[in-house]
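Please read the structure below before turning to the comments.
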Amino acid sequence: MTAHSTDLKMLLKDPSLLETRAFVAGEWVDADDGRTFEVRNPARGDVIARVADLSRAEVKRAIEAAQAAMKDWAARTAKDRAKVMRRWFELMMENQDDLGTILTAEQGKPLPEAKGEIAYGASFIEWFGEEAKRVYGETIPGHMADKRITVLRQPIGVVASITPWNFPNAMITRKCGPALAVGCGFVARPAAETPLSALALAVLGERAGLPKGILSVVTSSRSSDIGKEFCENPLIRKLTFTGSTEVGRILLRQAADQVLKCSMELGGNAPFIVFDDADLDAAVEGAMASKFRNNGQTCVCANRIYVQAGVYDEFAKRLAKAVDKLTVGDGLKDGTTTGPLINADAVEKVEEHIADALGRGAQVVTGGKRHDLGGSFFQPTVVTNVPADAKVSTEETFGPLAPLFRFETEEEVVAKANDTIFGLAAYFYARDIGRITRVQESLEYGIVGVNTGIISTEVAPFGGVKQSGLGREGSRHGIEDYLEMKYVCLSV
Ligand SMILES: NC(=O)C1=CN([C@@H]2O[C@H](COP(=O)(O)OP(=O)(O)OC[C@H]3O[C@@H](n4cnc5c(N)ncnc54)[C@H](O)[C@@H]3O)[C@@H](O)[C@H]2O)C=CC1
Ligand SMILES: O=C(O)[C@H](O)CS(=O)(=O)O
């Protein structure tokens, strides 16, 4: 663990972006009882901020304010709302360096990657500001001579959002972008590990002209309590969640009592398949990008790497060589490519998966242990000859472990790739067009990367099938989840 602490304000061009109060009903507030929770820098272990720790009472006020603010906000033209969204996008990009520094300090990813997330997050604000101007209704030929049928599409209502620590900016904007653009109120509860990015987002949203109360950021360490307020408060019309499938199930059960509409972006277990006819250098590059992005802490990271027998040894050698070039370190330090894991539990999960694989006959090619830097730093790891019954086959590692599985035939690997309760992202490298067509159609996933390891963009529909989620975020489809359809039958 690096000894020095993080004086975050000293690192910022605009220190006012480092907010530690919650944003409730358009006001910056402490918790009613004055409680705070600590935010730590995962690279250094030091406390970088103490943030307002809200209870259900403050969250209830935020929800009521969002409901009240919706009346005028939804009545504005889409064009007018788009102007505010555009200004918010511009402010995010103008403050990209500071937002990236705050993100790295609380989440750990290297600063270039954090700044990349800011651009990615901002792209959803830009995209949905524009999309809101294209929310069209329709007229339908009447079923009787004296009937005229129209279909209106209106904002669904106040939206509650719960997001994880791995993308503290983009996971919020991927939700609040469409919701606010169409006129909804929005109450965001960010992960307690990474609230500062969400608060900075709200600072800029206020500056951009979001009306008082339409957006709140309710910081709290009491995730279950806040989730229950979101599921039980009758003013909430939509719950949008990104996180583990386990928590998604809890929320869906709670939401059932009010038949609350839910969007769920949940866990993954991505297969990454390398066929004999693949461009091996491209496949190694894609595996590195997919597996080690955010130190393996994304729901679309390659979790299982299947390599056809004819190229297995060569691919393993080239992948290990590429992995050994990664530079593990403090994300705020120049040259770092791989930061710490978010916490000790994450380290233990990686160790558990490695030990299990080795216990079943796998071998470590590189890495395999905690890093000399200590704390939650871990050596990027490649293990080979992993058996099908290893834990890493069915559980998401969410860390820098690349397990290689050998396969013989296309039919075999597609069956193995699909043999999971998850269905978020899958990847494969091949060049035969017949194989590409067959495999892309056979994989049971919401997202398939063909000869690429990076699929994330605001223009495409992101989401999973099976137990990886419900709904899609991003693209023109991503706005649907924040609209309701109203059928009007007019008798003339
Ligand atoms: N599909 C996707 O886009 C994503 C999926 N994930 C999945 O989430 C996991 C890792 O991220 P984590 O943040 O640890 O996931 P998590 O599911 O533990 O937490 C996600 C969020 O839910 C909150 N939460 C936890 N328990 C809750 C409860 N009972 N009621 C209300 N809120 C609750 C947490 O505080 C956090 O803000 C991995 O499984 C990963 O695959 C993470 C990010 C994106
Ligand atoms: O939380 C995640 O892992 C993100 O959904 C992945 S991505 O959208 O940034 O690719």
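Just remember, in the structure tokens the first chain shown is A, the second B, etc., residues are 1-based per chain, and ligands are 1-based in the order shown.
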
Neighbours of ligand 1 at 9 Å or closer, counting only C-alpha atoms and all ligand atoms: which residues, as a ChimeraX atom specification? /A:162-167,171,189-194,220-228,230,241-248,250-251,264-269,297-301,346,395-398,424,462-464,468-469

All alpha helix (DSSP H) residues (DSSP, backbone) inside range 378-475 of chain A, as a PyMOL selection string: chain A and resi 410-418+433-442

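Minimum atom-to-atom distance to ligand 2, evaluated using only C-alpha atoms and all ligand atoms, belongs to A:Phe292 out of A:Tyr312, A:Phe292, A:Tyr136, A:Phe128.
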
Range 389-393 of chain A environment, 12 Å, only C-alpha atoms, sequence neighbours closer than 2 positions dropped, as a count of residues only: 46

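With only C-alpha atoms and all ligand atoms as the atoms that count, the residue of A:Lys321, A:Arg253, A:Arg148, A:Lys175 with the shortest distance to ligand 2 is A:Lys175.
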
Using CA of Ser290 in chain A and CA of Ala188 in chain A as the two end points, give the distance in Å to one decimal. 28.1 Å

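Reported to one decimal place, the separation of CA of Asn451 in chain A from atom 5 (O, counted along the ligand's line) of ligand 2 is 19.8 Å.
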
Ranking A:Ile436, A:Met85, A:Leu99, A:Ala289 by minimum distance to ligand 2 and counting only C-alpha atoms and all ligand atoms, which one comes first? A:Ala289

Using the chain letters and numbers from this document, which residues of range 296-466 of chain A does DSSP assign to strand (DSSP E), as a PyMOL selection string? chain A and resi 302-308+363-366+381-384+401-407+425-429+447-450

Residues near Gly339 in chain A, anyone? I mean within 12 Å using only C-alpha atoms, not counting same-chain ones fewer than 4 positions away, as a PyMOL selection string. chain A and resi 1+41-44+104-114+292-297+326-335+343+371+373-380+399-400

Could you please take those selected residues and save N, CA and C atoms as a CSV table (one decimal), in the first residue's frame?
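This went into again_27.csv:
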chain,number,residue,atom,x,y,z
A,1,MET,N,0.9,-1.2,0.0
A,1,MET,CA,0.0,0.0,0.0
A,1,MET,C,0.9,1.2,0.0
A,41,ASN,N,-9.7,5.7,-0.8
A,41,ASN,CA,-9.0,5.5,-2.0
A,41,ASN,C,-8.5,4.0,-2.0
A,42,PRO,N,-9.0,3.2,-2.9
A,42,PRO,CA,-8.6,1.7,-2.8
A,42,PRO,C,-7.1,1.5,-3.1
A,43,ALA,N,-6.4,2.4,-3.7
A,43,ALA,CA,-5.0,2.2,-4.0
A,43,ALA,C,-4.2,2.5,-2.7
A,44,ARG,N,-4.7,3.5,-1.9
A,44,ARG,CA,-3.8,3.9,-0.8
A,44,ARG,C,-4.5,3.6,0.6
A,104,THR,N,-11.0,8.2,-10.3
A,104,THR,CA,-9.8,7.3,-10.0
A,104,THR,C,-9.6,7.3,-8.5
A,105,ALA,N,-9.7,8.4,-7.8
A,105,ALA,CA,-9.4,8.4,-6.4
A,105,ALA,C,-10.4,7.5,-5.6
A,106,GLU,N,-11.6,7.4,-6.0
A,106,GLU,CA,-12.6,6.7,-5.2
A,106,GLU,C,-12.8,5.2,-5.8
A,107,GLN,N,-12.4,5.0,-7.0
A,107,GLN,CA,-12.7,3.7,-7.6
A,107,GLN,C,-11.4,2.9,-7.9
A,108,GLY,N,-10.4,3.6,-8.3
A,108,GLY,CA,-9.1,3.0,-8.5
A,108,GLY,C,-8.6,2.8,-9.9
A,109,LYS,N,-9.5,2.9,-10.9
A,109,LYS,CA,-9.1,2.7,-12.3
A,109,LYS,C,-8.1,3.8,-12.7
A,110,PRO,N,-7.1,3.4,-13.5
A,110,PRO,CA,-6.1,4.4,-14.0
A,110,PRO,C,-6.7,5.7,-14.6
A,111,LEU,N,-6.1,6.8,-14.3
A,111,LEU,CA,-6.7,8.1,-14.7
A,111,LEU,C,-7.1,8.2,-16.2
A,112,PRO,N,-6.3,7.7,-17.1
A,112,PRO,CA,-6.7,7.7,-18.5
A,112,PRO,C,-8.0,6.9,-18.7
A,113,GLU,N,-8.2,5.8,-18.0
A,113,GLU,CA,-9.4,5.0,-18.2
A,113,GLU,C,-10.6,5.7,-17.5
A,114,ALA,N,-10.3,6.4,-16.4
A,114,ALA,CA,-11.3,7.1,-15.7
A,114,ALA,C,-11.8,8.3,-16.6
A,292,PHE,N,-9.1,-7.3,-19.1
A,292,PHE,CA,-8.4,-6.5,-18.1
A,292,PHE,C,-8.9,-5.0,-18.0
A,293,ARG,N,-9.9,-4.7,-18.8
A,293,ARG,CA,-10.5,-3.4,-18.6
A,293,ARG,C,-11.1,-3.2,-17.2
A,294,ASN,N,-10.7,-2.1,-16.6
A,294,ASN,CA,-11.2,-1.9,-15.2
A,294,ASN,C,-10.7,-3.0,-14.3
A,295,ASN,N,-9.6,-3.5,-14.6
A,295,ASN,CA,-9.0,-4.6,-13.8
A,295,ASN,C,-9.9,-5.8,-13.7
A,296,GLY,N,-10.6,-6.1,-14.7
A,296,GLY,CA,-11.5,-7.2,-14.8
A,296,GLY,C,-12.9,-7.0,-14.1
A,297,GLN,N,-13.1,-5.7,-13.6
A,297,GLN,CA,-14.3,-5.4,-12.8
A,297,GLN,C,-15.4,-4.8,-13.7
A,326,LEU,N,1.5,-5.5,-18.5
A,326,LEU,CA,0.7,-4.6,-17.7
A,326,LEU,C,1.5,-4.0,-16.5
A,327,THR,N,1.1,-2.8,-16.2
A,327,THR,CA,1.8,-2.1,-15.1
A,327,THR,C,0.8,-1.9,-14.0
A,328,VAL,N,0.9,-2.6,-12.9
A,328,VAL,CA,0.0,-2.5,-11.8
A,328,VAL,C,0.5,-1.4,-10.9
A,329,GLY,N,-0.5,-0.5,-10.4
A,329,GLY,CA,-0.1,0.6,-9.6
A,329,GLY,C,-1.3,1.5,-9.2
A,330,ASP,N,-0.9,2.6,-8.6
A,330,ASP,CA,-1.9,3.6,-8.2
A,330,ASP,C,-2.4,4.3,-9.5
A,331,GLY,N,-3.7,4.4,-9.6
A,331,GLY,CA,-4.3,4.9,-10.8
A,331,GLY,C,-4.0,6.4,-11.1
A,332,LEU,N,-3.6,7.1,-10.0
A,332,LEU,CA,-3.2,8.5,-10.2
A,332,LEU,C,-1.8,8.7,-10.6
A,333,LYS,N,-1.0,7.5,-10.7
A,333,LYS,CA,0.4,7.6,-11.1
A,333,LYS,C,0.5,7.4,-12.6
A,334,ASP,N,1.3,8.2,-13.3
A,334,ASP,CA,1.5,8.0,-14.7
A,334,ASP,C,2.1,6.6,-15.0
A,335,GLY,N,1.6,6.1,-16.1
A,335,GLY,CA,2.1,4.8,-16.6
A,335,GLY,C,1.3,3.6,-16.1
A,343,ASN,N,-11.8,-3.8,-3.2
A,343,ASN,CA,-11.7,-4.0,-1.8
A,343,ASN,C,-11.1,-5.4,-1.5
A,371,HIS,N,-0.3,-8.7,-5.3
A,371,HIS,CA,0.9,-8.0,-5.8
A,371,HIS,C,1.7,-7.5,-4.6
A,373,LEU,N,2.7,-4.7,-4.0
A,373,LEU,CA,2.2,-3.3,-3.6
A,373,LEU,C,1.3,-3.5,-2.3
A,374,GLY,N,0.8,-4.7,-2.1
A,374,GLY,CA,-0.1,-5.0,-1.0
A,374,GLY,C,-1.5,-4.5,-1.2
A,375,GLY,N,-2.2,-4.3,-0.1
A,375,GLY,CA,-3.6,-3.9,-0.2
A,375,GLY,C,-4.4,-4.7,-1.1
A,376,SER,N,-5.2,-4.0,-2.0
A,376,SER,CA,-6.0,-4.8,-2.9
A,376,SER,C,-5.5,-4.9,-4.3
A,377,PHE,N,-4.2,-4.7,-4.4
A,377,PHE,CA,-3.5,-4.9,-5.7
A,377,PHE,C,-3.3,-6.4,-5.9
A,378,PHE,N,-3.5,-6.9,-7.2
A,378,PHE,CA,-3.3,-8.3,-7.5
A,378,PHE,C,-2.6,-8.5,-8.8
A,379,GLN,N,-1.8,-9.5,-8.9
A,379,GLN,CA,-1.1,-9.8,-10.2
A,379,GLN,C,-2.0,-10.2,-11.3
A,380,PRO,N,-2.0,-9.5,-12.4
A,380,PRO,CA,-2.8,-10.0,-13.6
A,380,PRO,C,-2.4,-11.5,-13.9
A,399,GLY,N,-12.4,-9.8,-11.7
A,399,GLY,CA,-11.0,-9.5,-11.3
A,399,GLY,C,-10.1,-9.9,-12.4
A,400,PRO,N,-8.8,-9.7,-12.2
A,400,PRO,CA,-7.8,-9.9,-13.3
A,400,PRO,C,-7.3,-11.3,-13.5

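Close contacts of Arg318 in chain A, defined as residues with an atom at most 10 Å away when counting only C-alpha atoms, with chain neighbours fewer than 2 positions off set aside, comprise A:Leu280, A:Asp281, A:Ala283, A:Val284, A:Glu285, A:Asp313, A:Glu314, A:Phe315, A:Ala316, A:Ala320, A:Lys321, A:Ala322, A:Val323.
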
Return the single residue from A:Ala309, A:Val450, A:Leu260, A:Met93 that is closest to Tyr120 in chain A, with distances computed using only C-alpha atoms. A:Met93
